[in-house]
Structure formats: C-alpha cells, structure tokens
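Dumped final28.csv below, it's CSV, C-alpha atoms and all ligand atoms:
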```csv
chain,number,residue,atom,x,y,z
A,18,MET,CA,-38.9,-9.9,-10.6
A,19,VAL,CA,-37.8,-6.4,-11.8
A,20,THR,CA,-35.9,-7.2,-15.0
A,21,MET,CA,-33.3,-4.8,-16.2
A,22,THR,CA,-30.5,-4.7,-18.7
A,23,THR,CA,-27.2,-5.2,-17.0
A,24,THR,CA,-23.5,-4.8,-17.9
A,25,ALA,CA,-23.6,-8.5,-18.9
A,26,ALA,CA,-20.8,-9.6,-21.3
A,27,PRO,CA,-21.7,-11.4,-24.5
A,28,ALA,CA,-23.6,-14.7,-24.1
A,29,ALA,CA,-20.7,-16.6,-25.7
A,30,THR,CA,-18.4,-16.0,-22.7
A,31,THR,CA,-18.4,-18.7,-20.1
A,32,PRO,CA,-19.8,-17.0,-17.1
A,33,VAL,CA,-17.7,-16.7,-14.0
A,34,VAL,CA,-20.8,-17.7,-11.9
A,35,GLY,CA,-23.8,-19.5,-13.2
A,36,PHE,CA,-26.9,-20.2,-11.1
A,37,ASP,CA,-29.6,-22.1,-12.9
A,38,GLN,CA,-32.9,-22.4,-11.0
A,39,VAL,CA,-31.1,-23.0,-7.7
A,40,THR,CA,-33.0,-23.8,-4.6
A,41,LYS,CA,-31.9,-24.6,-1.1
A,42,THR,CA,-34.3,-25.4,1.8
A,43,TYR,CA,-33.8,-25.9,5.5
A,44,GLY,CA,-36.9,-27.7,6.7
A,45,SER,CA,-39.8,-25.5,5.8
A,46,VAL,CA,-37.6,-22.4,5.0
A,47,ARG,CA,-36.8,-21.8,1.4
A,48,ALA,CA,-33.5,-20.0,1.9
A,49,VAL,CA,-32.8,-19.8,-1.9
A,50,ASP,CA,-35.9,-20.1,-4.1
A,51,GLY,CA,-35.3,-20.7,-7.8
A,52,ILE,CA,-32.4,-18.2,-8.4
A,53,SER,CA,-30.9,-18.0,-11.9
A,54,LEU,CA,-28.2,-15.5,-12.7
A,55,ARG,CA,-24.8,-15.1,-14.5
A,56,LEU,CA,-21.8,-13.1,-13.4
A,57,HIS,CA,-19.2,-12.0,-15.9
A,58,PRO,CA,-15.5,-11.1,-15.7
A,59,GLY,CA,-14.7,-7.6,-14.4
A,60,GLU,CA,-18.1,-7.1,-12.8
A,61,THR,CA,-18.4,-5.7,-9.2
A,62,VAL,CA,-21.6,-7.0,-7.9
A,63,ALA,CA,-23.4,-6.2,-4.6
A,64,LEU,CA,-25.8,-8.7,-3.1
A,65,LEU,CA,-28.4,-6.9,-1.0
A,66,GLY,CA,-31.3,-8.2,1.1
A,67,PRO,CA,-32.9,-7.9,4.5
A,68,ASN,CA,-31.8,-10.3,7.3
A,69,GLY,CA,-32.6,-13.8,6.4
A,70,ALA,CA,-33.0,-13.0,2.6
A,71,GLY,CA,-30.6,-15.8,1.7
A,72,LYS,CA,-27.3,-13.9,1.0
A,73,SER,CA,-25.0,-16.1,3.0
A,74,THR,CA,-26.7,-19.2,1.7
A,75,THR,CA,-26.2,-18.0,-1.8
A,76,LEU,CA,-22.5,-17.4,-1.2
A,77,ASP,CA,-22.1,-20.8,0.6
A,78,LEU,CA,-23.7,-22.5,-2.5
A,79,LEU,CA,-21.4,-20.7,-4.7
A,80,LEU,CA,-18.4,-21.8,-2.8
A,81,GLY,CA,-19.6,-25.4,-2.7
A,82,LEU,CA,-19.9,-25.2,1.1
A,83,LYS,CA,-23.6,-26.1,0.7
A,84,HIS,CA,-25.3,-28.1,-2.0
A,85,PRO,CA,-28.5,-27.1,-3.8
A,86,ASP,CA,-31.6,-29.3,-3.4
A,87,GLY,CA,-32.4,-28.3,-7.0
A,88,GLY,CA,-30.8,-26.6,-10.0
A,89,THR,CA,-27.1,-26.2,-10.7
A,90,VAL,CA,-24.3,-23.9,-9.6
A,91,SER,CA,-21.3,-23.5,-11.8
A,92,LEU,CA,-18.1,-21.5,-11.5
A,93,PHE,CA,-16.1,-20.9,-14.7
A,94,GLY,CA,-18.2,-23.6,-16.4
A,95,GLY,CA,-17.2,-26.3,-13.9
A,96,THR,CA,-18.1,-27.2,-10.3
A,97,PRO,CA,-17.3,-24.9,-7.3
A,98,ARG,CA,-15.0,-27.6,-6.0
A,99,GLU,CA,-12.9,-27.6,-9.2
A,100,ALA,CA,-12.7,-23.8,-9.3
A,101,ILE,CA,-11.5,-23.6,-5.7
A,102,ALA,CA,-8.9,-26.4,-6.2
A,103,ASP,CA,-7.6,-24.4,-9.2
A,104,GLY,CA,-7.2,-21.3,-7.0
A,105,ARG,CA,-9.7,-19.3,-9.1
A,106,VAL,CA,-11.7,-18.2,-6.0
A,107,GLY,CA,-10.7,-16.1,-3.0
A,108,ALA,CA,-13.3,-15.7,-0.3
A,109,MET,CA,-13.8,-13.7,2.8
A,110,LEU,CA,-16.7,-15.0,4.8
A,111,GLN,CA,-18.5,-13.4,7.7
A,112,SER,CA,-17.3,-15.5,10.6
A,113,GLY,CA,-14.5,-17.5,8.9
A,114,GLY,CA,-12.5,-18.8,11.9
A,115,LEU,CA,-8.9,-17.7,12.0
A,116,MET,CA,-6.5,-20.2,13.6
A,117,ASP,CA,-5.9,-19.1,17.1
A,118,GLU,CA,-2.4,-19.6,18.2
A,119,VAL,CA,-0.6,-18.4,15.1
A,120,THR,CA,0.6,-14.9,14.2
A,121,VAL,CA,-0.8,-12.8,11.4
A,122,ALA,CA,2.4,-13.2,9.3
A,123,GLU,CA,2.4,-17.0,9.8
A,124,LEU,CA,-1.2,-17.3,8.7
A,125,VAL,CA,-0.7,-15.1,5.6
A,126,LYS,CA,2.3,-17.2,4.7
A,127,LEU,CA,0.3,-20.4,5.0
A,128,ALA,CA,-2.5,-19.0,2.8
A,129,CYS,CA,0.0,-18.0,0.2
A,130,SER,CA,1.7,-21.5,0.3
A,131,LEU,CA,-1.7,-23.1,-0.3
A,132,HIS,CA,-2.6,-21.0,-3.3
A,133,PRO,CA,-1.7,-22.4,-6.8
A,134,ARG,CA,-0.8,-18.9,-8.0
A,135,PRO,CA,0.3,-17.1,-4.8
A,136,TYR,CA,1.4,-13.6,-4.3
A,137,LYS,CA,4.4,-12.8,-2.0
A,138,PRO,CA,3.3,-12.7,1.6
A,139,ALA,CA,4.8,-9.2,2.1
A,140,GLU,CA,2.8,-7.9,-0.9
A,141,VAL,CA,-0.4,-9.5,0.5
A,142,MET,CA,0.2,-7.9,3.9
A,143,ALA,CA,0.9,-4.5,2.4
A,144,ARG,CA,-2.3,-4.6,0.4
A,145,ALA,CA,-4.4,-5.4,3.4
A,146,ALA,CA,-2.4,-2.9,5.5
A,147,ILE,CA,-1.6,-5.4,8.2
A,148,GLU,CA,2.2,-5.1,8.3
A,149,GLN,CA,2.0,-3.3,11.7
A,150,ILE,CA,0.2,-6.3,13.3
A,151,ALA,CA,2.3,-9.0,11.5
A,152,ASP,CA,3.7,-10.4,14.8
A,153,ARG,CA,0.4,-10.3,16.7
A,154,LYS,CA,-1.4,-13.6,17.6
A,155,VAL,CA,-4.6,-13.9,15.5
A,156,ASN,CA,-6.8,-14.3,18.6
A,157,LYS,CA,-5.6,-11.0,19.9
A,158,LEU,CA,-7.0,-8.9,17.1
A,159,SER,CA,-9.7,-6.3,17.2
A,160,GLY,CA,-12.8,-6.9,15.0
A,161,GLY,CA,-11.6,-4.5,12.2
A,162,GLN,CA,-8.1,-6.0,12.3
A,163,ALA,CA,-9.5,-9.5,12.0
A,164,GLN,CA,-11.5,-8.4,9.0
A,165,ARG,CA,-8.3,-7.1,7.3
A,166,VAL,CA,-6.6,-10.4,7.9
A,167,ARG,CA,-9.5,-12.2,6.4
A,168,PHE,CA,-9.2,-9.9,3.4
A,169,ALA,CA,-5.5,-10.7,3.1
A,170,LEU,CA,-6.4,-14.4,3.1
A,171,ALA,CA,-8.9,-13.9,0.3
A,172,THR,CA,-6.3,-12.1,-1.8
A,173,ALA,CA,-3.3,-14.4,-1.1
A,174,GLY,CA,-3.1,-15.4,-4.7
A,175,ASP,CA,-4.2,-14.5,-8.2
A,176,SER,CA,-7.9,-15.5,-8.1
A,177,ASP,CA,-10.4,-14.6,-10.8
A,178,LEU,CA,-13.4,-14.3,-8.5
A,179,ILE,CA,-13.4,-12.7,-5.1
A,180,ILE,CA,-16.3,-13.3,-2.8
A,181,LEU,CA,-16.9,-11.1,0.3
A,182,ASP,CA,-19.6,-11.6,2.9
A,183,GLU,CA,-20.1,-8.3,4.7
A,184,PRO,CA,-16.4,-7.5,4.3
A,185,THR,CA,-16.3,-4.0,6.0
A,186,THR,CA,-18.2,-4.8,9.1
A,187,GLY,CA,-16.1,-3.5,12.0
A,188,MET,CA,-13.7,-1.5,9.8
A,189,ASP,CA,-13.2,2.2,10.5
A,190,VAL,CA,-13.8,4.8,7.8
A,191,SER,CA,-10.2,4.9,6.5
A,192,ALA,CA,-9.8,1.1,6.5
A,193,ARG,CA,-13.1,0.9,4.6
A,194,GLN,CA,-12.0,3.4,2.0
A,195,ALA,CA,-8.6,1.6,1.6
A,196,PHE,CA,-10.4,-1.7,1.3
A,197,TRP,CA,-12.7,-0.6,-1.5
A,198,ALA,CA,-9.9,1.2,-3.4
A,199,THR,CA,-8.0,-2.2,-3.4
A,200,MET,CA,-11.2,-4.0,-4.5
A,201,ARG,CA,-11.6,-1.6,-7.3
A,202,GLU,CA,-8.1,-2.3,-8.5
A,203,GLN,CA,-8.9,-6.0,-8.4
A,204,ALA,CA,-12.0,-5.5,-10.6
A,205,ASP,CA,-10.1,-3.2,-13.0
A,206,GLN,CA,-7.7,-6.0,-13.5
A,207,GLY,CA,-10.6,-8.1,-14.8
A,208,ARG,CA,-11.5,-10.0,-11.6
A,209,THR,CA,-15.1,-10.4,-10.6
A,210,VAL,CA,-16.0,-9.2,-7.2
A,211,LEU,CA,-19.2,-10.3,-5.5
A,212,PHE,CA,-20.0,-8.9,-2.1
A,213,ALA,CA,-22.9,-9.1,0.3
A,214,THR,CA,-23.5,-6.0,2.4
A,215,HIS,CA,-26.0,-4.2,4.6
A,216,TYR,CA,-24.3,-0.9,3.8
A,217,LEU,CA,-26.3,0.4,0.9
A,218,GLU,CA,-24.2,3.5,0.3
A,219,GLU,CA,-21.3,1.1,-0.3
A,220,ALA,CA,-23.2,-0.8,-2.8
A,221,ASP,CA,-24.3,2.4,-4.5
A,222,ALA,CA,-20.7,3.7,-4.6
A,223,ILE,CA,-18.8,0.5,-5.5
A,224,ALA,CA,-21.0,-1.9,-7.4
A,225,ASP,CA,-21.7,-1.7,-11.1
A,226,ARG,CA,-24.4,-4.3,-10.6
A,227,VAL,CA,-26.8,-4.8,-7.7
A,228,LEU,CA,-28.8,-7.9,-6.9
A,229,VAL,CA,-31.7,-7.6,-4.4
A,230,LEU,CA,-32.7,-10.8,-2.6
A,231,HIS,CA,-35.8,-11.2,-0.6
A,232,ARG,CA,-37.0,-14.5,0.9
A,233,GLY,CA,-34.6,-16.4,-1.3
A,234,ARG,CA,-35.8,-14.8,-4.5
A,235,LEU,CA,-34.0,-12.4,-6.8
A,236,LEU,CA,-36.3,-9.3,-6.8
A,237,ALA,CA,-34.1,-7.0,-8.8
A,238,ASP,CA,-30.9,-7.2,-10.9
A,239,GLY,CA,-29.5,-4.1,-12.5
A,240,THR,CA,-27.2,-1.0,-11.9
A,241,ALA,CA,-27.9,1.0,-8.8
A,242,ALA,CA,-29.4,3.7,-11.1
A,243,GLU,CA,-31.8,1.2,-12.7
A,244,ILE,CA,-32.9,-0.1,-9.3
A,245,LYS,CA,-33.5,3.5,-8.1
A,246,ALA,CA,-35.5,4.3,-11.2
A,247,LYS,CA,-37.5,1.0,-11.0
A,248,ALA,CA,-38.5,1.6,-7.4
A,249,GLY,CA,-40.6,4.3,-9.0
A,250,ALA,CA,-41.0,6.7,-6.1
A,251,ARG,CA,-39.5,10.2,-5.7
A,252,ARG,CA,-38.8,12.4,-2.7
A,253,VAL,CA,-40.5,15.8,-2.5
A,254,ALA,CA,-39.6,18.2,0.3
A,255,PHE,CA,-40.8,21.8,0.9
A,256,ASP,CA,-41.5,24.3,3.7
A,257,LEU,CA,-44.9,25.8,4.4
A,258,GLU,CA,-45.7,29.0,6.2
A,259,GLY,CA,-48.4,29.5,8.8
A,260,ASP,CA,-50.7,26.7,10.0
A,261,ILE,CA,-50.3,23.4,8.3
A,262,ASP,CA,-53.3,21.3,7.4
A,263,GLY,CA,-51.9,17.9,8.0
A,264,ALA,CA,-55.0,16.0,7.0
A,265,ALA,CA,-55.1,17.8,3.6
A,266,LEU,CA,-51.5,17.0,3.0
A,267,ARG,CA,-51.9,13.3,3.9
A,268,ALA,CA,-54.8,13.1,1.4
A,269,LEU,CA,-52.5,14.2,-1.5
A,270,PRO,CA,-52.5,11.7,-4.3
A,271,PHE,CA,-49.7,9.1,-4.9
A,272,LEU,CA,-48.2,9.5,-1.4
A,273,THR,CA,-46.3,6.5,-0.2
A,274,SER,CA,-45.1,8.3,3.0
A,275,ILE,CA,-45.2,11.7,4.6
A,276,ASP,CA,-43.3,13.3,7.4
A,277,ILE,CA,-44.2,16.7,8.8
A,278,SER,CA,-41.6,18.3,11.0
A,279,GLY,CA,-42.3,21.9,12.1
A,280,GLN,CA,-42.8,23.8,8.9
A,281,THR,CA,-41.0,21.2,6.8
A,282,VAL,CA,-42.8,18.5,4.9
A,283,ARG,CA,-41.1,15.5,3.4
A,284,ILE,CA,-43.1,13.3,1.1
A,285,GLN,CA,-42.4,10.1,-0.9
A,286,SER,CA,-44.6,9.9,-4.0
A,287,SER,CA,-45.0,7.4,-6.8
A,288,ASP,CA,-46.0,10.3,-9.1
A,289,ALA,CA,-44.2,13.4,-7.9
A,290,ASP,CA,-45.6,15.6,-10.7
A,291,ALA,CA,-49.2,14.8,-9.8
A,292,THR,CA,-48.5,15.2,-6.1
A,293,VAL,CA,-47.0,18.6,-6.5
A,294,HIS,CA,-49.8,19.7,-8.9
A,295,ALA,CA,-52.4,18.7,-6.2
A,296,LEU,CA,-50.3,20.5,-3.6
A,297,TYR,CA,-50.7,23.8,-5.4
A,298,GLY,CA,-54.4,22.9,-5.8
A,299,LEU,CA,-54.7,23.1,-2.0
A,300,GLY,CA,-53.9,26.8,-2.3
A,301,VAL,CA,-50.6,26.6,-0.4
A,302,TYR,CA,-47.3,28.1,-1.5
A,303,PRO,CA,-44.5,25.6,-0.9
A,304,ARG,CA,-41.1,27.2,-0.5
A,305,ASN,CA,-37.7,25.6,-1.0
A,306,LEU,CA,-39.4,22.9,-3.1
A,307,GLU,CA,-37.1,20.0,-3.9
A,308,VAL,CA,-37.9,16.9,-5.9
A,309,ALA,CA,-35.3,14.2,-6.0
A,310,GLY,CA,-35.0,10.5,-6.9
A,311,LEU,CA,-34.7,7.9,-4.2
A,312,GLY,CA,-31.4,6.9,-2.8
A,313,LEU,CA,-30.5,3.2,-3.2
A,314,GLU,CA,-31.5,2.6,0.5
A,315,GLN,CA,-35.0,4.0,0.0
A,316,ALA,CA,-35.3,2.2,-3.3
A,317,PHE,CA,-34.3,-1.0,-1.6
A,318,VAL,CA,-36.9,-0.5,1.2
A,319,ALA,CA,-39.6,0.4,-1.4
A,320,ILE,CA,-38.9,-2.7,-3.5
A,321,THR,CA,-38.8,-5.1,-0.5
A,322,GLU,CA,-41.8,-3.5,1.2
A,323,ALA,CA,-43.8,-3.8,-2.1
A,324,GLU,CA,-42.9,-7.5,-2.2
A,325,GLU,CA,-44.0,-8.0,1.4
A,326,ALA,CA,-47.3,-6.3,0.7
A,327,LYS,CA,-47.8,-8.5,-2.4
A,328,GLN,CA,-47.2,-11.6,-0.3
A,329,SER,CA,-49.4,-10.7,2.6
B,401,LIG,N1,-28.2,-24.0,8.8
B,401,LIG,C1,-29.5,-23.6,8.8
B,401,LIG,N2,-30.5,-24.3,9.3
B,401,LIG,C2,-31.8,-23.8,9.2
B,401,LIG,N3,-32.1,-22.6,8.7
B,401,LIG,C3,-31.1,-21.9,8.2
B,401,LIG,C4,-29.7,-22.3,8.2
B,401,LIG,N4,-29.0,-21.3,7.6
B,401,LIG,C5,-29.8,-20.4,7.2
B,401,LIG,N5,-31.1,-20.7,7.6
B,401,LIG,C6,-32.3,-19.9,7.3
B,401,LIG,O1,-32.3,-19.6,5.9
B,401,LIG,C7,-32.7,-18.2,5.6
B,401,LIG,C8,-31.6,-17.5,4.9
B,401,LIG,O2,-30.5,-17.3,5.7
B,401,LIG,P1,-29.2,-16.6,5.3
B,401,LIG,O3,-28.2,-16.7,6.4
B,401,LIG,O4,-28.8,-17.1,4.0
B,401,LIG,O5,-29.7,-15.1,5.1
B,401,LIG,P2,-28.8,-13.7,5.0
B,401,LIG,O6,-29.5,-13.0,3.9
B,401,LIG,O7,-27.4,-14.0,4.8
B,401,LIG,O8,-29.1,-13.0,6.4
B,401,LIG,P3,-28.3,-12.0,7.2
B,401,LIG,O9,-28.4,-10.7,6.5
B,401,LIG,O10,-29.0,-11.9,8.5
B,401,LIG,O11,-26.9,-12.5,7.4
B,401,LIG,C9,-33.1,-17.6,7.0
B,401,LIG,O12,-34.5,-17.8,7.2
B,401,LIG,C10,-32.3,-18.5,8.0
B,401,LIG,O13,-32.9,-18.5,9.2
```
Once more with this new file: its structure as structure tokens, please.
Ligand SMILES: Nc1ncnc2c1ncn2[C@@H]1O[C@H](COP(=O)(O)OP(=O)(O)OP(=O)(O)O)[C@@H](O)[C@H]1O
Amino acid sequence: MVTMTTTAAPAATTPVVGFDQVTKTYGSVRAVDGISLRLHPGETVALLGPNGAGKSTTLDLLLGLKHPDGGTVSLFGGTPREAIADGRVGAMLQSGGLMDEVTVAELVKLACSLHPRPYKPAEVMARAAIEQIADRKVNKLSGGQAQRVRFALATAGDSDLIILDEPTTGMDVSARQAFWATMREQADQGRTVLFATHYLEEADAIADRVLVLHRGRLLADGTAAEIKAKAGARRVAFDLEGDIDGAALRALPFLTSIDISGQTVRIQSSDADATVHALYGLGVYPRNLEVAGLGLEQAFVAITEAEEAKQS
C-alpha cells in the first residue's frame, strides 16, 4: 500500500469510522480484503476505485447493511446499528429505493419525523433545491431529481457522518455545483463526509483525503496531491518540426506511454528529467515543451495499473 501522512486528527480522538482488518467475501470473491482505516471529524473523504473494487461493499459494511466475515467496523466507537439509531449517520445510497406513491414533500417530512435531531422539512427541501417538485410523486422524478431527493433524505437531520455513494450521478452541472457547495458547508460545520465516486475531478476538487480501493484492498490513502506525487509519473508534451522518428521517441528512457499526433508528442514518464535529457540527445529541438504532474485521474490509472501488473 502507498502510505502517506493524512489530515488525521490526534490519536486520542474516537474516530468517526474505524475499520480494523475488515474482510468480506462473496463465495470466492474477496470484495473487501483486510482494510484498516480511521476517519475523523470534519474530513471530506473520497472513495475511489475501478468497477468492482469494493466501494459499495465498504459503505454497506459501514452502515451495518452487511456484516464482515473478519475484523471489526465501528462508528463513533460503537456499532453501526447504534450510531444509526442515534441519528448520527445520514446516507445516500446508489439505488436506495424511494417509496413510490408518495410526494416529495411527504417523503421528506417522514424522513424528518424519523430523525432524532431533525431539521425542518422546509429547510431540508430548500437545501436540496427540491421545493419546485415538492408536490410531485416520487416515481415521476427524473434521475437527477431523484438524486436530489435522496440527498434531502440523507440530510433530514443533524448527523455527524454523511455517506454518499456516487451522489452526483445524473445531476446536471449546476445541480452538481450546488450539491458540493452544500456538502462543503456540512464539512465546515465539523461533519465527516465520505463519498464514493467515479468522477475523479470531483474527488480532486472536493476531498481533503482520497482512498483508492482495488480488488478490495486499500492501495493509497492521502491527499489528492500526495496521491498524484506518489504515482510518480509526469506528463511531457512538445511539438517537433519536420519528419518525426517515432521509433527513436518510443525508445526514450522511462516512458510509460507515448502518443504522437501530427507534430505533437505527448509522453508519460516516470523520470521526466531523464526523458527530456535523452530527447535532446536525439538531436531534435522540441518546441512548446511542457512538463506537468499527473492529474488525479492519470495518477489513479497509474496506481491501479501498476497493481494489476504486480498481480499478473
Ligand atoms: N451480493 C453479492 N454477491 C456476490 N458478489 C458480490 C455481491 N455484491 C458485490 N459482489 C462482488 O464484490 C465485488 C465488489 O463489489 P462492489 O459493488 O462493492 O464494488 P464497487 O467498487 O462498488 O463497484 P462499482 O464501481 O461497479 O459500483 C465485485 O466483484 C462484485 O461482483
């Protein structure tokens, strides 16, 4: 695992979430394979991983919807069941069914009535920007509207931990921006926000801690900047004039990928200094040379591909 320093609070604080050597298997599939981690108050944490990495299973274990085969899961030092009964957890799951024949307003009112520390339904609806669809039947909503209603249900009361499984899928750009602004407010008030996502740019922009899962194991845990740095590779782009000797470029040292498009060459290198040095050694004169770090998406791909290569 890539180990990194994180924004972890002092060890004396009871963690909001504690996973201790947690495993969960389905037949021969190890969906979660020995995960240990702690989340602390006020952290906004993104859970990333390719399809089937174990993100939803991790969230289900955390919510007590599934039980581990090994290890322990704790929320606020107790069991998930206790934390949920105390109203300390708000969750928005991927396919959480919404009761069909009720209106949006009725459903929000019900969620508020069930929470030990509820907010006013009007306030909840305003925060999720669903006042306009208050009288609509829940089964008549668009995908993005249904997501906003799920969000309202997850924030019906004053919870300390908010869990979101791919929360912005189906939301348009402005709904997405409004959603994350609201989530940031929640974290600023000391709540812990944990979200699984496939949108790496969201994780980069929103999360102050990123967890990378792969085949049920935690491959990396750190800030987005740390994960980018640990992926090790850098991007090099330049233009060449005249005939391009593709074979010579492909033989440059430390390349992890190369794309030649017209006169523009884009390289990914695990040692950009050495690659650029060797490039000049070919006697070519690169123009518009740019060297940049990887984006979170490329770092994610580099980390998960390196792990695949190790396992095969
Ligand atoms: N109920 C189940 N029975 C059998 N296998 C399951 C079950 N639920 C999940 N799995 C398997 O466990 C692994 C992890 O699945 P999980 O849904 O947690 O991944 P994920 O990271 O959330 O994936 P995605 O990004 O596609 O939502 C996968 O190989 C999946 O096929």
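Every protein or nucleic acid residue with an atom no more than 8 Å from Thr214 (chain A), counting all atoms listed in the file and leaving out same-chain residues fewer than 3 positions away, appears here: Ala63, Leu64, Leu65, Asp182, Glu183, Pro184, Leu217, Glu219 and Ala220 of chain A.
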Using all atoms listed in the file for the distances, tell me which of A:Leu311, A:Ala169, A:Ala213, A:Leu127 is nearest to ligand LIG 401 (chain B). A:Ala213
Ligand LIG 401 (chain B) neighbours within 8 Å using all atoms listed in the file, as a list in words: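 Counting only what the definition allows, namely all atoms listed in the file, the set is Thr42, Tyr43, Gly44, Val46, Arg47, Ala48, Val49, Leu65, Gly66, Pro67, Asn68, Gly69, Ala70, Gly71, Lys72, Ser73, Thr74, Thr75, Thr214, His215, Leu230, His231, Arg232 and Gly233 of chain A.
Using all atoms listed in the file, the smallest distance between any of A:Val227, A:Ile277, A:Ala143, A:Val34 and Ser53 (chain A) comes from A:Val34.
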With only C-alpha atoms as the atoms that count, which of A:Gln194, A:Gln315, A:Gln203, A:Thr292 lies nearest to Asp177 (chain A)?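 Once distances to Asp177 (chain A) are computed over only C-alpha atoms, the minimum belongs to A:Gln203.
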I'd like the interatomic distance between CA of Ile150 (chain A) and CA of Cys129 (chain A), to a tenth of an Å.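 Value for the CA of Ile150 (chain A)-CA of Cys129 (chain A) distance: 17.6 Å.
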Using all atoms listed in the file: which of A:Ala295, A:Leu313, A:Ala326, A:Ala171 has the shortest distance to Ala250 (chain A):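 Comparing A:Ala295, A:Leu313, A:Ala326, A:Ala171 against Ala250 (chain A), the winner is A:Leu313.
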